[in-house]
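J.: Can you keep this structure in mind? I'll have questions shortly.
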Amino acid sequence: MLEIENVSRSFGQNRVLDGVSFTVGDGRMTGFVGGNGAGKTTTMRIILGVLASDTGTITLDGTRLTPADRALFGYMPEERGLYPKMKVAEQIVYLGRLHGMTSAAAAASTADLLDRLGLGDRANATVESLSLGNQQRAQIAAALVHDPSVLVLDEPFSGLDPMAVETVQTVLTEHAATGVPVLFSSHQLDIVERICDDLVVIANGTIRAQGSREELRSQHSEARYEIDLTHDAGWVREMPGVRVVELDGDYAVFEVERGGQGQDAAQAVLRRALETGPVRRFAPVLPTLSQIFKEVVR
Ligand SMILES: Nc1ncnc2c1ncn2[C@@H]1O[C@H](COP(=O)(O)OP(=O)(O)OP(=O)(O)O)[C@@H](O)[C@H]1O
């Protein structure tokens with residue numbers, strides 16, 4: 001498990017990370033989300049040791065990170081780092097060699113990754129001749145070539161078409177499934193929602209929420225309910241403590257206050273519904289990641 005504990009960092013007077021703590025579990029795809037300038041890249045650079053923190057520690061399985069640990073990490077930096085004029089496969093093999101792989105092992109890993117990423121037929125093309133999306137796939141291969149023990153990816157899905165998102169997602173998920181902690185940032189909340197196991201939300205340099213996707217969704221779900229009746233649901237609008245956000249014949253979605261009073265109001269709707277006839281469905285509505293995000297960064 002990778003653990004970031006109480007990390008702070010300022011640039012001049014500007015405190016861009018303030019007591020940041022979160023964990024990236026083994027085998028967990030952990031989405032790191034936050035608005036522009038929230039502190040994601042700074043955090044990732046500190047994890048990789050390319051930037052120092054002012055305070056705080058980073059540990060892997062309880063031990064403080066050493067340069068040797070970090071040499072085994074895979075990193076896709078925000079500023080993409082491949083040489084434009086070098087051939088794709090040659091370059092990825094070269095990066096594998098820098099990580100201490102034999103030529104044969106680096107070549108085998110490169111060929112395998114390029115195939116899985118759908119770049120097999122471009123192995124001998126120069127990086128600059130690839131489309132941006134394909135350059136991005138090559139960057140993913142570069143981060144994975146040495147079979148990293150931890151994977152940190154800054155916006156791995158930006159600029160990818162939906163097919164490429166799926167391809168990259170499969171490769172990353174397979175790598176995580178070998179027990180590797182994977183931290184990736186993204187502004188594409190729909191993608192994060194689909195693929196992350198855990199989520200960390202940062203705003204203005206502080207962590208606003210973290211946990212498994214299911215935990216977060218259920219923590220933020222109790223205020224909204226849907227009810228599906230076999231008769232008109234218009235009366236729900238008249239119920240105290242209830243705000244109807246959608247009404248369509250015998251179907252309604254409504255919000256209540258968070259907490260005990262709100263729950264009582266929701267239960268009162270259910271009781272009244274049962275008095276008036278059969279109820280097909282009554283359930284909390286799980287919020288989308290985008291709704292949770294808006295709520296916690298507010
Ligand atoms: N080298 C630096 N010198 C001064 N300020 C910096 C430096 N690097 C980052 N910052 C500031 O730190 C803050 C956090 O930036 P960071 O790049 O970590 O955010 P981010 O969450 O990755 O944003 P984005 O989604 O836009 O990439 C910003 O206000 C940025 O201007």
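Numbering starts fresh at 1 for the residues of each chain in the structure tokens, the chains themselves are lettered A, B, ... in the order given, and ligands are numbered from 1 as they appear.
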Identify all residues of region 24-253 of chain A in alpha helix (DSSP H) (DSSP on the backbone) and supply them as a PyMOL selection string.

T.: chain A and resi 40-48+67-71+88-98+103-116+132-144+162-176+189-195+213-219

J.: Could you give me, as a list in words, the residues within 8 Å of region 261-272 of chain A, counting only C-alpha atoms and dropping anything in the same chain fewer than 5 positions from it?

T.: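 Answer for this query is Glu222, Ala223, Tyr225, Val236, Met239, Pro240, Gly241, Val242, Val256 and Phe282 of chain A.
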
J.: Kindly work out which residues sit at most 7 Å from ligand 1, using only C-alpha atoms and all ligand atoms, and give the list as a list of chain:residue names.

T.: A:Phe11, A:Val16, A:Gly34, A:Gly35, A:Asn36, A:Gly37, A:Ala38, A:Gly39, A:Lys40, A:Thr41, A:Thr42, A:Thr43

J.: The selected residues should be written to file as a CSV table (one decimal), in the first residue's frame (atoms: N, CA and C atoms).

T.:
```csv
chain,number,residue,atom,x,y,z
A,11,PHE,N,4.7,27.1,-2.8
A,11,PHE,CA,5.6,27.8,-3.8
A,11,PHE,C,5.5,29.3,-3.4
A,16,VAL,N,0.2,25.2,-1.8
A,16,VAL,CA,-0.6,24.5,-2.8
A,16,VAL,C,-1.0,23.1,-2.3
A,34,GLY,N,-9.8,16.5,-9.1
A,34,GLY,CA,-9.8,17.8,-8.6
A,34,GLY,C,-9.8,18.8,-9.7
A,35,GLY,N,-10.2,20.0,-9.5
A,35,GLY,CA,-10.3,21.1,-10.5
A,35,GLY,C,-8.9,21.5,-11.0
A,36,ASN,N,-8.8,22.4,-11.9
A,36,ASN,CA,-7.5,22.9,-12.4
A,36,ASN,C,-6.8,23.6,-11.2
A,37,GLY,N,-5.5,23.3,-11.0
A,37,GLY,CA,-4.7,23.9,-10.0
A,37,GLY,C,-5.0,23.4,-8.6
A,38,ALA,N,-5.8,22.3,-8.5
A,38,ALA,CA,-6.1,21.7,-7.1
A,38,ALA,C,-4.9,21.1,-6.4
A,39,GLY,N,-3.9,20.6,-7.2
A,39,GLY,CA,-2.7,20.1,-6.5
A,39,GLY,C,-2.4,18.6,-6.9
A,40,LYS,N,-3.1,18.1,-8.0
A,40,LYS,CA,-2.8,16.7,-8.3
A,40,LYS,C,-1.4,16.5,-8.8
A,41,THR,N,-1.0,17.3,-9.8
A,41,THR,CA,0.3,17.1,-10.4
A,41,THR,C,1.4,17.3,-9.3
A,42,THR,N,1.2,18.3,-8.5
A,42,THR,CA,2.2,18.5,-7.4
A,42,THR,C,2.3,17.3,-6.5
A,43,THR,N,1.2,16.7,-6.2
A,43,THR,CA,1.2,15.5,-5.3
A,43,THR,C,1.9,14.4,-6.0
```

J.: Write out, as a tab-separated table, each residue of region 21-57 of chain A that has an atom at most 7 Å from region 177-189 of chain A, together with the closest pair of atoms and their distance in Å to one decimal, counting only C-alpha atoms, rows going by chain and rising number.

T.:
```
residue	atom	partner	partner_atom	distance
A:Val24	CA	A:Pro181	CA	5.7
A:Gly25	CA	A:Pro181	CA	5.4
A:Asp26	CA	A:Pro181	CA	4.4
A:Gly27	CA	A:Gly179	CA	3.9
A:Arg28	CA	A:Pro181	CA	5.5
A:Met29	CA	A:Val182	CA	5.0
A:Thr30	CA	A:Leu183	CA	4.8
A:Gly31	CA	A:Phe184	CA	5.2
A:Phe32	CA	A:Ser185	CA	4.4
A:Val33	CA	A:Ser185	CA	5.7
A:Lys40	CA	A:Ser185	CA	7.0
```

J.: Quick one: DSSP strand (DSSP E) residues in region 74-205 of chain A, as a list of chain:residue names?

T.: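 Output for region 74-205 of chain A, strand (DSSP E) only: A:Gly74, A:Tyr75, A:Met76, A:Val150, A:Leu151, A:Val152, A:Leu153, A:Val182, A:Leu183, A:Phe184, A:Ser185, A:Asp198, A:Leu199, A:Val200, A:Val201, A:Ile202, A:Ala203.
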
J.: For region 153-169 of chain A, work out the shell of residues within 9 Å, counting only C-alpha atoms and skipping chain neighbours fewer than 5 positions away, then give it as a PyMOL selection string.

T.: chain A and resi 40-41+44+74-79+116-118+132-134+136-137+139-140+143+174+182-188+191+195

J.: Next, write the just-selected residues to a file, as an mmCIF file, in the first residue's frame, keeping C-alpha atoms as the atom set.

T.:
```cif
data_model
loop_
_atom_site.group_PDB
_atom_site.id
_atom_site.type_symbol
_atom_site.label_atom_id
_atom_site.label_comp_id
_atom_site.auth_asym_id
_atom_site.auth_seq_id
_atom_site.Cartn_x
_atom_site.Cartn_y
_atom_site.Cartn_z
ATOM 1 C CA LYS A 40 -2.842 16.707 -8.331
ATOM 2 C CA THR A 41 0.325 17.072 -10.392
ATOM 3 C CA MET A 44 2.216 13.066 -7.988
ATOM 4 C CA GLY A 74 6.026 3.659 -13.332
ATOM 5 C CA TYR A 75 5.242 7.314 -13.974
ATOM 6 C CA MET A 76 3.443 9.085 -16.734
ATOM 7 C CA PRO A 77 4.218 12.759 -16.150
ATOM 8 C CA GLU A 78 2.015 15.656 -17.184
ATOM 9 C CA GLU A 79 4.748 16.870 -19.510
ATOM 10 C CA ARG A 116 -2.041 -4.879 -26.163
ATOM 11 C CA LEU A 117 -2.253 -1.126 -26.634
ATOM 12 C CA GLY A 118 -3.051 -1.529 -30.334
ATOM 13 C CA LEU A 132 -1.626 12.454 -30.383
ATOM 14 C CA GLY A 133 -3.800 9.604 -29.140
ATOM 15 C CA ASN A 134 -1.240 7.052 -30.307
ATOM 16 C CA GLN A 136 -0.416 8.813 -25.524
ATOM 17 C CA ARG A 137 -0.640 5.017 -25.861
ATOM 18 C CA GLN A 139 3.495 6.927 -23.118
ATOM 19 C CA ILE A 140 1.459 4.315 -21.297
ATOM 20 C CA ALA A 143 5.318 3.816 -17.942
ATOM 21 C CA GLU A 174 -4.813 -5.798 -15.730
ATOM 22 C CA VAL A 182 -2.376 2.530 -9.358
ATOM 23 C CA LEU A 183 -2.994 6.256 -8.918
ATOM 24 C CA PHE A 184 -4.312 8.173 -11.923
ATOM 25 C CA SER A 185 -5.611 11.696 -12.281
ATOM 26 C CA SER A 186 -8.367 12.640 -14.663
ATOM 27 C CA HIS A 187 -10.837 15.399 -15.405
ATOM 28 C CA GLN A 188 -13.091 12.921 -17.216
ATOM 29 C CA ILE A 191 -14.287 7.510 -17.103
ATOM 30 C CA ILE A 195 -13.006 2.310 -13.823
#
```

J.: Would you write out, as a tab-separated table, a table of all residues in region 115-187 of chain A that have an atom no more than 7 Å from an atom of region 86-108 of chain A, listing for each the closest atom pair and the distance in Å to one decimal, considering only C-alpha atoms and ordering rows by chain and rising residue number?

T.:
```
residue	atom	partner	partner_atom	distance
A:Ala123	CA	A:Ala89	CA	4.9
A:Asn124	CA	A:Lys87	CA	5.3
A:Ala125	CA	A:Lys87	CA	5.3
A:Thr126	CA	A:Lys87	CA	4.0
A:Val127	CA	A:Val88	CA	5.6
A:Ala138	CA	A:Val88	CA	6.9
A:Ala142	CA	A:Ile92	CA	5.3
A:Val145	CA	A:Gly96	CA	5.7
A:His146	CA	A:Gly96	CA	5.4
```

J.: Within 12 Å of Pro67 (chain A), counting only C-alpha atoms, which residues show up once you throw out same-chain ones fewer than 3 positions away? Write them as a JSON list (two decimals) with C-alpha atoms, in the first residue's frame, please.

T.:
```json
[["chain", "number", "residue", "atom", "x", "y", "z"],
["A", 47, "ILE", "CA", 5.28, 10.83, -4.73],
["A", 48, "LEU", "CA", 7.80, 10.26, -7.51],
["A", 49, "GLY", "CA", 10.44, 12.33, -5.74],
["A", 50, "VAL", "CA", 10.87, 14.76, -8.65],
["A", 64, "ARG", "CA", 9.60, 5.32, 3.85],
["A", 70, "ARG", "CA", 11.03, 4.88, -6.71],
["A", 71, "ALA", "CA", 13.17, 3.44, -9.49],
["A", 72, "LEU", "CA", 10.65, 0.60, -9.67],
["A", 73, "PHE", "CA", 7.69, 2.97, -10.02]]
```

J.: Please report the interatomic distance between CA of Ala273 (chain A) and CA of Ile227 (chain A) in Å with one decimal.

T.: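 Taking CA of Ala273 (chain A) and CA of Ile227 (chain A), their separation equals 8.7 Å.
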
J.: What is the CA of Thr23 (chain A) to CA of Leu2 (chain A) distance in Å?

T.: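 Taking CA of Thr23 (chain A) as the start and CA of Leu2 (chain A) as the end point, the length is 5.7 Å.
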